[in-house]
Every structure is written in C-alpha cells, then in structure tokens.
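*Asks:* Okay, so here is model.txt, and as you'll see once you scroll down, it has compact mmCIF, C-alpha atoms and all ligand atoms.
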```txt
# COMPACT_ATOMS: atom_id res chain seq x y z
CA MET N 5 79.93 128.29 120.24
CA SER N 6 80.21 129.48 116.63
CA THR N 7 77.85 128.13 114.00
CA LEU N 8 79.25 126.31 110.96
CA GLY N 9 77.89 127.76 107.69
CA ILE N 10 77.08 124.96 105.24
CA ALA N 11 76.40 125.00 101.49
CA VAL N 12 74.15 122.08 100.48
CA ILE N 13 74.64 120.97 96.87
CA GLY N 14 71.64 119.04 95.53
CA THR N 15 68.17 119.39 97.03
CA GLY N 16 66.54 116.13 95.92
CA LYS N 17 65.39 113.48 98.43
CA MET N 18 68.64 113.22 100.43
CA GLY N 19 69.64 116.90 100.11
CA ALA N 20 66.25 118.06 101.36
CA ASP N 21 66.43 115.54 104.21
CA HIS N 22 69.85 116.88 105.26
CA VAL N 23 68.63 120.50 105.08
CA ARG N 24 65.74 119.59 107.40
CA ARG N 25 68.16 117.72 109.68
CA ILE N 26 70.60 120.65 109.93
CA GLY N 27 67.72 122.93 110.87
CA ARG N 28 66.08 120.66 113.43
CA THR N 29 68.32 117.96 114.88
CA VAL N 30 71.89 119.08 114.43
CA GLY N 31 73.14 122.02 116.46
CA GLY N 32 76.20 124.15 115.77
CA ALA N 33 75.46 124.48 112.05
CA ARG N 34 73.17 126.26 109.65
CA VAL N 35 72.53 126.12 105.93
CA VAL N 36 73.67 129.39 104.36
CA ALA N 37 73.44 128.44 100.66
CA VAL N 38 71.75 125.76 98.55
CA ALA N 39 72.32 124.73 94.93
CA ASP N 40 70.33 122.61 92.52
CA PRO N 41 69.99 122.66 88.71
CA ASP N 42 66.23 122.83 89.23
CA GLY N 43 65.80 126.57 89.86
CA ASP N 44 62.24 126.32 91.22
CA ARG N 45 63.07 123.50 93.59
CA VAL N 46 66.14 125.24 95.01
CA LYS N 47 64.24 128.49 95.53
CA ALA N 48 61.50 126.61 97.36
CA VAL N 49 64.08 124.95 99.68
CA ALA N 50 65.87 128.28 100.34
CA ALA N 51 62.55 129.99 101.07
CA GLY N 52 62.11 127.70 104.07
CA LEU N 53 65.49 128.72 105.51
CA ASP N 54 66.42 131.87 107.34
CA GLY N 55 68.75 133.94 105.13
CA ALA N 56 70.03 131.14 102.84
CA SER N 57 70.79 132.00 99.20
CA ALA N 58 69.60 129.83 96.26
CA HIS N 59 71.85 128.94 93.30
CA THR N 60 71.76 126.73 90.22
CA ASP N 61 75.58 126.62 90.10
CA PRO N 62 77.35 124.69 92.90
CA ALA N 63 80.44 126.92 92.62
CA ALA N 64 78.31 130.02 93.25
CA ALA N 65 76.79 128.40 96.34
CA MET N 66 80.26 127.57 97.70
CA ALA N 67 81.34 131.19 97.12
CA ALA N 68 78.34 132.58 99.05
CA PRO N 69 79.12 134.62 102.20
CA GLY N 70 79.50 132.55 105.36
CA VAL N 71 80.15 129.15 103.69
CA GLN N 72 82.64 127.13 105.79
CA ALA N 73 81.77 123.55 104.74
CA VAL N 74 79.98 121.74 101.91
CA LEU N 75 77.44 118.91 101.97
CA ILE N 76 77.10 117.27 98.54
CA ALA N 77 73.88 115.35 97.84
CA SER N 78 73.68 115.72 94.06
CA PRO N 79 73.63 112.61 91.79
CA GLY N 80 76.90 110.60 91.77
CA PRO N 81 78.16 111.78 88.35
CA ALA N 82 78.14 115.42 89.61
CA HIS N 83 80.20 114.68 92.75
CA GLU N 84 83.75 114.89 91.43
CA GLU N 85 83.51 118.41 90.02
CA ALA N 86 81.82 119.72 93.18
CA ILE N 87 84.36 118.04 95.49
CA LEU N 88 87.36 119.34 93.51
CA HIS N 89 85.88 122.82 93.65
CA ALA N 90 85.36 122.59 97.42
CA LEU N 91 88.94 121.37 97.85
CA ARG N 92 90.26 124.33 95.83
CA ARG N 93 88.50 126.51 98.43
CA GLU N 94 89.87 124.24 101.24
CA LEU N 95 86.35 123.57 102.52
CA PRO N 96 85.53 120.36 104.46
CA VAL N 97 83.12 118.12 102.51
CA LEU N 98 80.50 115.52 103.41
CA CYS N 99 79.64 113.77 100.14
CA GLU N 100 76.77 111.32 99.76
CA LYS N 101 77.75 107.90 98.41
CA PRO N 102 79.06 106.94 95.95
CA LEU N 103 82.06 109.30 96.22
CA THR N 104 82.38 109.06 92.43
CA PRO N 105 80.80 106.57 90.02
CA ASP N 106 84.20 105.18 88.96
CA PRO N 107 87.59 104.61 90.65
CA ALA N 108 89.36 107.03 88.27
CA GLY N 109 87.30 109.95 89.60
CA ALA N 110 87.99 108.91 93.21
CA LEU N 111 91.72 108.78 92.45
CA ARG N 112 91.57 112.38 91.21
CA VAL N 113 89.86 113.38 94.48
CA MET N 114 92.62 111.66 96.48
CA GLU N 115 95.29 113.38 94.36
CA ALA N 116 93.72 116.77 95.12
CA GLU N 117 93.70 116.02 98.85
CA GLN N 118 97.29 114.82 98.75
CA ARG N 119 98.29 118.10 97.09
CA LEU N 120 96.61 119.89 100.01
CA GLY N 121 98.34 117.54 102.43
CA ARG N 122 95.22 116.87 104.51
CA ARG N 123 91.96 114.94 104.40
CA LEU N 124 88.92 117.16 104.00
CA VAL N 125 86.47 114.74 102.34
CA GLN N 126 84.12 112.41 104.21
CA VAL N 127 81.82 109.96 102.38
CA GLY N 128 78.22 109.50 103.54
CA PHE N 129 78.38 105.79 104.38
CA MET N 130 75.93 106.35 107.21
CA ARG N 131 75.75 102.74 108.38
CA ARG N 132 79.03 103.29 110.23
CA PHE N 133 77.05 105.61 112.54
CA ASP N 134 74.13 103.21 113.14
CA ALA N 135 74.00 101.93 116.74
CA GLU N 136 73.54 98.28 115.70
CA TYR N 137 76.42 98.37 113.20
CA GLU N 138 78.64 100.07 115.81
CA ARG N 139 77.80 97.31 118.29
CA LEU N 140 78.63 94.59 115.75
CA LYS N 141 81.92 96.29 114.93
CA GLU N 142 82.84 96.43 118.64
CA LEU N 143 82.02 92.74 119.04
CA LEU N 144 84.09 91.71 116.02
CA ASP N 145 87.03 93.93 117.03
CA ALA N 146 86.97 92.42 120.53
CA GLY N 147 87.11 88.91 119.04
CA GLY N 148 83.66 88.17 120.52
CA ILE N 149 82.80 85.54 117.90
CA GLY N 150 86.32 84.64 116.84
CA ARG N 151 87.76 85.08 113.37
CA PRO N 152 84.94 86.13 111.01
CA LEU N 153 84.16 83.58 108.28
CA PHE N 154 80.99 84.96 106.69
CA LEU N 155 78.80 88.04 106.56
CA HIS N 156 75.31 87.15 105.31
CA CYS N 157 73.66 90.40 104.21
CA ARG N 158 70.13 91.16 103.07
CA HIS N 159 69.37 94.58 101.56
CA ARG N 160 65.78 95.13 100.47
CA ASN N 161 63.92 98.23 99.31
CA ALA N 162 60.12 98.37 98.99
CA SER N 163 60.45 99.71 95.44
CA SER N 164 63.03 101.34 93.20
CA PRO N 165 62.78 104.85 91.73
CA SER N 166 61.96 105.16 88.00
CA PHE N 167 65.56 106.05 87.08
CA PHE N 168 67.06 102.94 88.74
CA THR N 169 69.15 100.65 86.48
CA SER N 170 70.47 97.10 86.92
CA ASP N 171 73.97 98.55 87.42
CA MET N 172 72.67 100.76 90.24
CA LEU N 173 71.71 97.70 92.29
CA ILE N 174 75.48 97.31 92.63
CA THR N 175 76.84 100.89 92.48
CA ASP N 176 74.08 102.57 94.50
CA SER N 177 72.74 99.87 96.84
CA VAL N 178 75.31 97.08 97.38
CA VAL N 179 77.98 99.79 97.74
CA HIS N 180 76.68 100.16 101.33
CA GLU N 181 77.46 96.49 102.09
CA VAL N 182 80.84 96.93 100.39
CA ASP N 183 81.77 99.73 102.76
CA ALA N 184 80.18 98.06 105.80
CA ALA N 185 82.06 94.80 105.11
CA ARG N 186 85.41 96.58 104.65
CA TRP N 187 84.84 98.50 107.89
CA LEU N 188 83.43 95.64 109.99
CA LEU N 189 86.14 93.20 108.96
CA GLY N 190 88.99 95.69 108.59
CA GLN N 191 89.87 94.01 105.29
CA GLU N 192 89.86 95.03 101.66
CA ILE N 193 87.63 93.19 99.18
CA THR N 194 89.63 91.25 96.62
CA ALA N 195 87.10 89.73 94.19
CA VAL N 196 83.42 89.99 93.23
CA SER N 197 80.94 87.54 91.64
CA VAL N 198 77.34 88.34 90.72
CA LEU N 199 74.44 85.92 90.15
CA SER N 200 71.08 87.09 88.84
CA PRO N 201 67.99 84.89 89.08
CA THR N 202 65.00 85.37 86.77
CA PRO N 203 63.88 88.89 87.73
CA SER N 204 60.94 89.31 90.07
CA SER N 205 57.70 89.96 88.18
CA ALA N 206 57.36 93.02 90.46
CA ALA N 207 60.55 94.56 89.01
CA PRO N 208 60.17 97.19 86.27
CA GLU N 209 60.73 95.85 82.72
CA GLY N 210 64.44 95.20 82.07
CA LEU N 211 65.63 95.58 85.70
CA ARG N 212 67.79 92.65 86.93
CA ASP N 213 66.22 92.56 90.37
CA PRO N 214 67.03 90.77 92.68
CA ARG N 215 70.72 89.85 92.52
CA LEU N 216 73.18 87.95 94.67
CA VAL N 217 76.62 89.52 95.06
CA LEU N 218 79.54 87.58 96.54
CA LEU N 219 82.54 89.47 97.91
CA GLU N 220 85.82 87.80 98.87
CA THR N 221 88.08 89.56 101.36
CA ALA N 222 91.85 89.76 101.84
CA GLY N 223 91.53 87.85 105.13
CA GLY N 224 89.68 84.95 103.53
CA ALA N 225 86.13 85.81 104.61
CA ILE N 226 83.12 85.62 102.26
CA VAL N 227 80.32 88.19 102.17
CA ASP N 228 77.05 87.34 100.42
CA VAL N 229 74.59 90.13 99.68
CA GLU N 230 71.03 89.63 98.52
CA ILE N 231 70.00 92.91 96.92
CA PHE N 232 66.27 93.15 96.15
CA VAL N 233 65.06 96.68 95.42
CA ASN N 234 61.41 95.87 94.63
CA CYS N 235 60.59 93.49 97.47
CA GLY N 236 57.29 95.29 98.01
CA PHE N 237 56.94 95.00 101.78
CA GLY N 238 59.38 97.61 103.10
CA TYR N 239 62.98 98.56 103.82
CA GLU N 240 65.10 95.86 105.36
CA VAL N 241 68.86 95.76 105.97
CA ARG N 242 70.12 92.73 107.87
CA CYS N 243 73.56 91.35 108.54
CA GLU N 244 74.64 88.15 110.26
CA ALA N 245 78.32 87.72 111.04
CA VAL N 246 79.48 84.13 111.50
CA GLY N 247 82.81 83.60 113.21
CA GLU N 248 84.84 80.60 114.39
CA SER N 249 83.20 80.73 117.82
CA GLY N 250 79.76 82.28 117.33
CA SER N 251 77.45 84.43 115.26
CA ALA N 252 75.84 87.85 115.66
CA GLN N 253 72.90 89.31 113.84
CA ILE N 254 71.66 92.89 113.39
CA GLY N 255 68.76 94.52 111.56
CA GLU N 256 66.04 92.25 112.88
CA GLY N 257 63.71 95.21 113.39
CA GLN N 258 63.30 97.15 116.62
CA THR N 259 60.04 98.81 115.69
CA MET N 260 56.61 98.63 117.28
CA LEU N 261 54.96 95.26 117.82
CA VAL N 262 51.21 95.38 117.37
CA ARG N 263 48.75 92.85 118.85
CA SER N 264 45.18 93.25 117.72
CA GLY N 265 42.21 91.15 116.59
CA GLY N 266 43.84 87.83 117.44
CA ARG N 267 47.03 88.62 115.50
CA GLY N 268 50.41 90.13 116.18
CA TYR N 269 52.74 91.88 113.79
CA GLY N 270 55.83 94.10 113.76
CA GLU N 271 56.02 97.27 111.70
CA ILE N 272 58.64 97.53 108.95
CA PRO N 273 60.11 100.94 108.01
CA GLN N 274 59.35 101.86 104.42
CA ASP N 275 62.63 103.49 103.48
CA PHE N 276 66.18 104.34 104.49
CA THR N 277 65.40 107.85 105.74
CA VAL N 278 63.35 106.14 108.47
CA ARG N 279 65.48 103.02 109.16
CA PHE N 280 68.72 105.02 109.31
CA ALA N 281 67.34 108.34 110.65
CA ASP N 282 69.46 108.15 113.82
CA ALA N 283 72.55 107.15 111.85
CA TYR N 284 72.13 110.16 109.54
CA ASP N 285 71.76 112.44 112.58
CA ARG N 286 74.88 111.08 114.27
CA GLN N 287 76.87 111.18 111.04
CA LEU N 288 76.00 114.83 110.55
CA ARG N 289 76.64 115.82 114.18
CA ARG N 290 80.10 114.25 114.15
CA TRP N 291 80.92 115.71 110.73
CA VAL N 292 79.87 119.21 111.85
CA ALA N 293 82.05 118.96 114.97
CA ALA N 294 85.04 117.71 112.96
CA ALA N 295 84.51 120.12 110.03
CA ALA N 296 84.56 123.05 112.47
CA GLN N 297 88.16 121.97 113.18
CA GLY N 298 89.00 121.29 109.52
CA ARG N 299 88.99 117.48 109.97
CA VAL N 300 86.94 114.46 108.85
CA ALA N 301 85.22 112.10 111.27
CA GLY N 302 84.38 109.01 109.28
CA PRO N 303 84.90 107.19 105.98
CA ASP N 304 87.36 109.16 103.84
CA ALA N 305 88.27 109.43 100.16
CA TRP N 306 90.25 106.17 100.34
CA ASP N 307 87.09 104.39 101.53
CA GLY N 308 85.15 106.03 98.69
CA TYR N 309 87.84 104.94 96.21
CA ALA N 310 87.96 101.35 97.50
CA ALA N 311 84.16 101.11 97.27
CA ALA N 312 84.24 102.48 93.70
CA ALA N 313 86.89 99.90 92.75
CA VAL N 314 84.72 97.09 94.14
CA SER N 315 81.69 98.48 92.27
CA ALA N 316 83.70 98.52 89.03
CA ALA N 317 84.66 94.87 89.55
CA GLY N 318 81.03 94.10 90.41
CA LEU N 319 79.78 95.63 87.15
CA ALA N 320 82.35 93.66 85.16
CA ALA N 321 81.37 90.47 87.03
CA ALA N 322 77.67 91.09 86.32
CA HIS N 323 78.20 91.89 82.63
CA ASN N 324 80.70 89.10 81.89
CA GLY N 325 79.32 86.47 84.25
CA VAL N 326 82.72 85.74 85.77
CA ARG N 327 84.39 86.21 89.15
CA THR N 328 86.33 89.49 88.86
CA PRO N 329 89.34 90.52 90.96
CA VAL N 330 89.32 94.04 92.48
CA GLU N 331 92.17 96.30 91.38
CA LEU N 332 93.40 98.77 94.02
CA VAL N 333 96.33 101.17 93.87
CA GLU N 334 98.69 101.19 96.84
CA ARG N 335 97.13 103.08 99.76
CA PRO N 336 98.72 106.57 99.90
CA ALA N 337 100.38 107.59 103.19
CA LEU N 338 97.73 110.28 103.80
CA TYR N 339 95.09 107.54 104.23
CA ARG N 340 97.00 105.07 106.39
C1 LIG N 401 69.83 104.52 98.04
O1 LIG N 401 70.56 105.44 97.26
C2 LIG N 401 70.47 104.34 99.36
O2 LIG N 401 71.53 104.82 99.64
C3 LIG N 401 69.77 103.39 100.24
O3 LIG N 401 70.40 103.26 101.49
C4 LIG N 401 69.69 102.04 99.56
O4 LIG N 401 68.96 101.15 100.36
C5 LIG N 401 69.02 102.17 98.21
O5 LIG N 401 68.98 100.90 97.58
C6 LIG N 401 69.76 103.16 97.35
O6 LIG N 401 69.12 103.32 96.12
```
Would you put the structure from the file into structure tokens?
*Replies:*
Amino acid sequence: MSTLGIAVIGTGKMGADHVRRIGRTVGGARVVAVADPDGDRVKAVAAGLDGASAHTDPAAAMAAPGVQAVLIASPGPAHEEAILHALRRELPVLCEKPLTPDPAGALRVMEAEQRLGRRLVQVGFMRRFDAEYERLKELLDAGGIGRPLFLHCRHRNASSPSFFTSDMLITDSVVHEVDAARWLLGQEITAVSVLSPTPSSAAPEGLRDPRLVLLETAGGAIVDVEIFVNCGFGYEVRCEAVGESGSAQIGEGQTMLVRSGGRGYGEIPQDFTVRFADAYDRQLRRWVAAAAQGRVAGPDAWDGYAAAAVSAAGLAAAHNGVRTPVELVERPALYR
C-alpha cells in the first residue's frame, strides 16, 4: 500500500496533536512537510519527524516533494488562503474548524471547488466520528425515539486559553453543536438567540462566560446549548435528544470509576484531545483513505459554510440581543 504524503499547516496544539497521530495511530500516511509562522516551533516539530521539511510559508510546504494532501490546523483567519492554495494544486484538504471565520470566505472556498468540479475539502468536525454521536445518529435516523423535538446540549471546558474572546464561545466552541445538530437532525438551522447571564467570577475579565445559545431548525426542533468555557472541573460534552416517543443521552462519561476511602468518584477528562481522542483518530484514518482516492469522507465545504452562517447569526444575536434568522444561499448541486 502506498503512503500518503501530508503537509501539516500550523503546529500549535491541534497541529502538533495531528502530527503525533499521523506518526503513531494512523497508518498509510506520513508527514512530509510542516509549516508554521513560528520558525523555531516548526523546526522543533520537523526535527521529530523522519525526513520532513520545515517552512514558515504554507505555500512552500504544499510545494515540498511528496506532498499529496494537506491538513490545515492554523488559526481560523488563516484557513481560506491556505485552502484556496491547496485547491489550486488540486490537493485534498482536512481543515480544522471553523472552515472560515465568516460565511463570505466559505462561499469563496465553495466557488473554487465548483470550478474544479469536485469536493476536495473536509472540515474537522470530529464529533461526527465519535462512537457515541454515531450511535445517537443511527438511533435518530431509525426513528428510535420518534420525531426529534429537542436537543439539550452542554459544552464545558475546564478553562479558556488567554486569547479567547466572548465571540469565540460561539464561533469556536458552539460551532461544534451547530454542526452536530445539523448532522444529527438532518436539518438546517434557521434562527439563533443568545442569552448571557452575569459572567462566572472564574471567567477572565470581560469574557461573557457562560452563555446559552438557542438554535431553531427547519424541521421545527429546538436546540439549547449551554457553553461554559471556564467551568473549572474538566471537559464535558453532553447531548440529550428528546423525541415524540423517547429520549437518548450521550456524553455521560465512560471513564474510570474510583472507590476509595469510603467514597466513589468518576474521572472527568480535562480537555478535548482526551475526550475525543478516538474520534480524531477515526476522522484522520477515514480522511487518509478517502484522500488517497481524491475524495472527502465527512463534513464538506457546504457544512463549513452552513456552520459559518449560523455563527454569523449567533454573533449578531449576541451583540443585538435579538433572535436572528440564519441566511443561507441555495445549496449548490456539487453539495447535494
Ligand atoms: C476548541 O477549539 C475546540 O474545538 C474544542 O472542541 C472546544 O471544546 C473548545 O471550546 C474550543 O475552544
């Protein structure tokens, strides 16, 4: 079997995690080039890889010998330029979420793919590859709890990084629930409302944390998302689907239960690289297999665009304090 040569763009937390994953858990692929604006960091990452070249310019990494596919894990604002460059070279792409920070950028990505006449971009909405989410999707698709009425979602991070803004609670965190809801329900989101209680005293100065985001769907379901990125105790992503004839819940924690000294407790993962480790592995394995055949195997640029459009409505709802409809262009034939 031939080995897919990958250029990894961005070697921060997620990029470095993917590099490690490609080396250790995902077969059939190897990292042949890495790029990051931080020259020292990228050299250090390349030094740990056999024969990979280090670059500060993403375009140079994509032009390196042996590159057949591109994994983009740079910050969101850098995604569009890197994706368009990869598409000019007709290279399959796995791009971390969000595809682009705004819907206009995602539309330009879709236009580039439509000019090529094929889908080469996959978005890193890894929850679609999580075993519990897959099980819930199967149940809903089979009508196991009847027509879905609600998704009650809880998304909590132990703490937020120093660069995190109030907008990012929506564009960087809730965007996962946006994609998961669209996928689980098979419906587009039509309107967004955002409520913000008095911020937690544990939140950094000025951060509107936590928030409650309400999503309405085309099929008349309601999705409520509590996003709390400084909850302190760990990483928790839960979802309860309520349908006309039952309910189903995931994310209750499958980790070790400890009994000691007259007490019992369950361990809680501390971040997403642990909670979703298997999902990231499966996402990458399936992308590598599909990319080797010039295809995508998961959420595509339309999904990235729809999520960006919901995020834009969410930001408007948060800033203006009013329920905001989501504006979507007609879905192009390539994505139907
Ligand atoms: C981060 O970027 C992620 O994608 C995580 O899954 C999410 O839980 C976190 O809030 C985001 O900042």
*Asks:* Which centre and which edge lengths, in Å to one decimal, describe the axis-aligned box that holds all listed atoms of ligand LIG 401 (chain N) after 6 Å is added on each side, as JSON?
*Replies:*
```
{"center_x": 70.2, "center_y": 103.2, "center_z": 98.8, "size_x": 14.6, "size_y": 16.5, "size_z": 17.4}
```
*Asks:* Could you name the residues that touch region 163-165 of chain N at 10 Å or less, counting all atoms listed in the file, but leaving out those on the same chain fewer than 6 positions away, as a VMD selection string?
*Replies:* chain N and resid 173 206 to 208 211 213 232 to 239 274 to 275
*Asks:* Could you check which of N:Ala310, N:Cys99, N:Ala293, N:Leu111 is closest to Ser6 (chain N), using all atoms listed in the file?
*Replies:* N:Ala293
*Asks:* As a PyMOL selection string, please: the residues near Gly325 (chain N) (cut-off 8 Å, all atoms listed in the file, same-chain neighbours under 5 positions excluded).
*Replies:* chain N and resi 197-199+320
*Asks:* Counting all atoms listed in the file, name the residues that have an atom within 6 Å of an atom of ligand LIG 401 (chain N); the answer should be given as a PyMOL selection string.
*Replies:* chain N and resi 161+176-177+276
*Asks:* Grab the residues selected above and save them as a PDB file, in the frame of the given file with C-alpha atoms.
*Replies:*
```
ATOM      1  CA  ASN N 161      63.920  98.230  99.310  1.00  0.00           C
ATOM      2  CA  ASP N 176      74.080 102.570  94.500  1.00  0.00           C
ATOM      3  CA  SER N 177      72.740  99.870  96.840  1.00  0.00           C
ATOM      4  CA  PHE N 276      66.180 104.340 104.490  1.00  0.00           C
TER       5      PHE N 276
END
```
*Asks:* Choose the residue, out of N:Val196, N:Ile254, N:Leu288, N:Met260, that has the smallest atom-to-atom separation from Ser315 (chain N); count only C-alpha atoms.
*Replies:*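 Among N:Val196, N:Ile254, N:Leu288, N:Met260, it is N:Val196 that comes nearest to Ser315 (chain N).
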*Asks:* Find the residue from N:Val127, N:Ala63, N:Ala48, N:Val30 that sits nearest to Gly302 (chain N); use only C-alpha atoms when measuring.
*Replies:*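 The shortest atom-to-atom distance to Gly302 (chain N) comes from N:Val127.
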*Asks:* Taking all atoms listed in the file into account, which of N:Pro336, N:Gly224, N:Gly247, N:Pro303 comes nearest Val97 (chain N)?
*Replies:*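 Among the listed residues, the smallest separation from Val97 (chain N) belongs to N:Pro303.
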*Asks:* Identify the residues within 12 Å of coordinate (98.3, 105.3, 104.6) (same frame as the file), considering only C-alpha atoms, and give the answer as a list in words.
*Replies:* Met114, Gln118, Arg122, Arg123, Asp304, Ala305, Trp306, Asp307, Val333, Glu334, Arg335, Pro336, Ala337, Leu338, Tyr339 and Arg340 of chain N
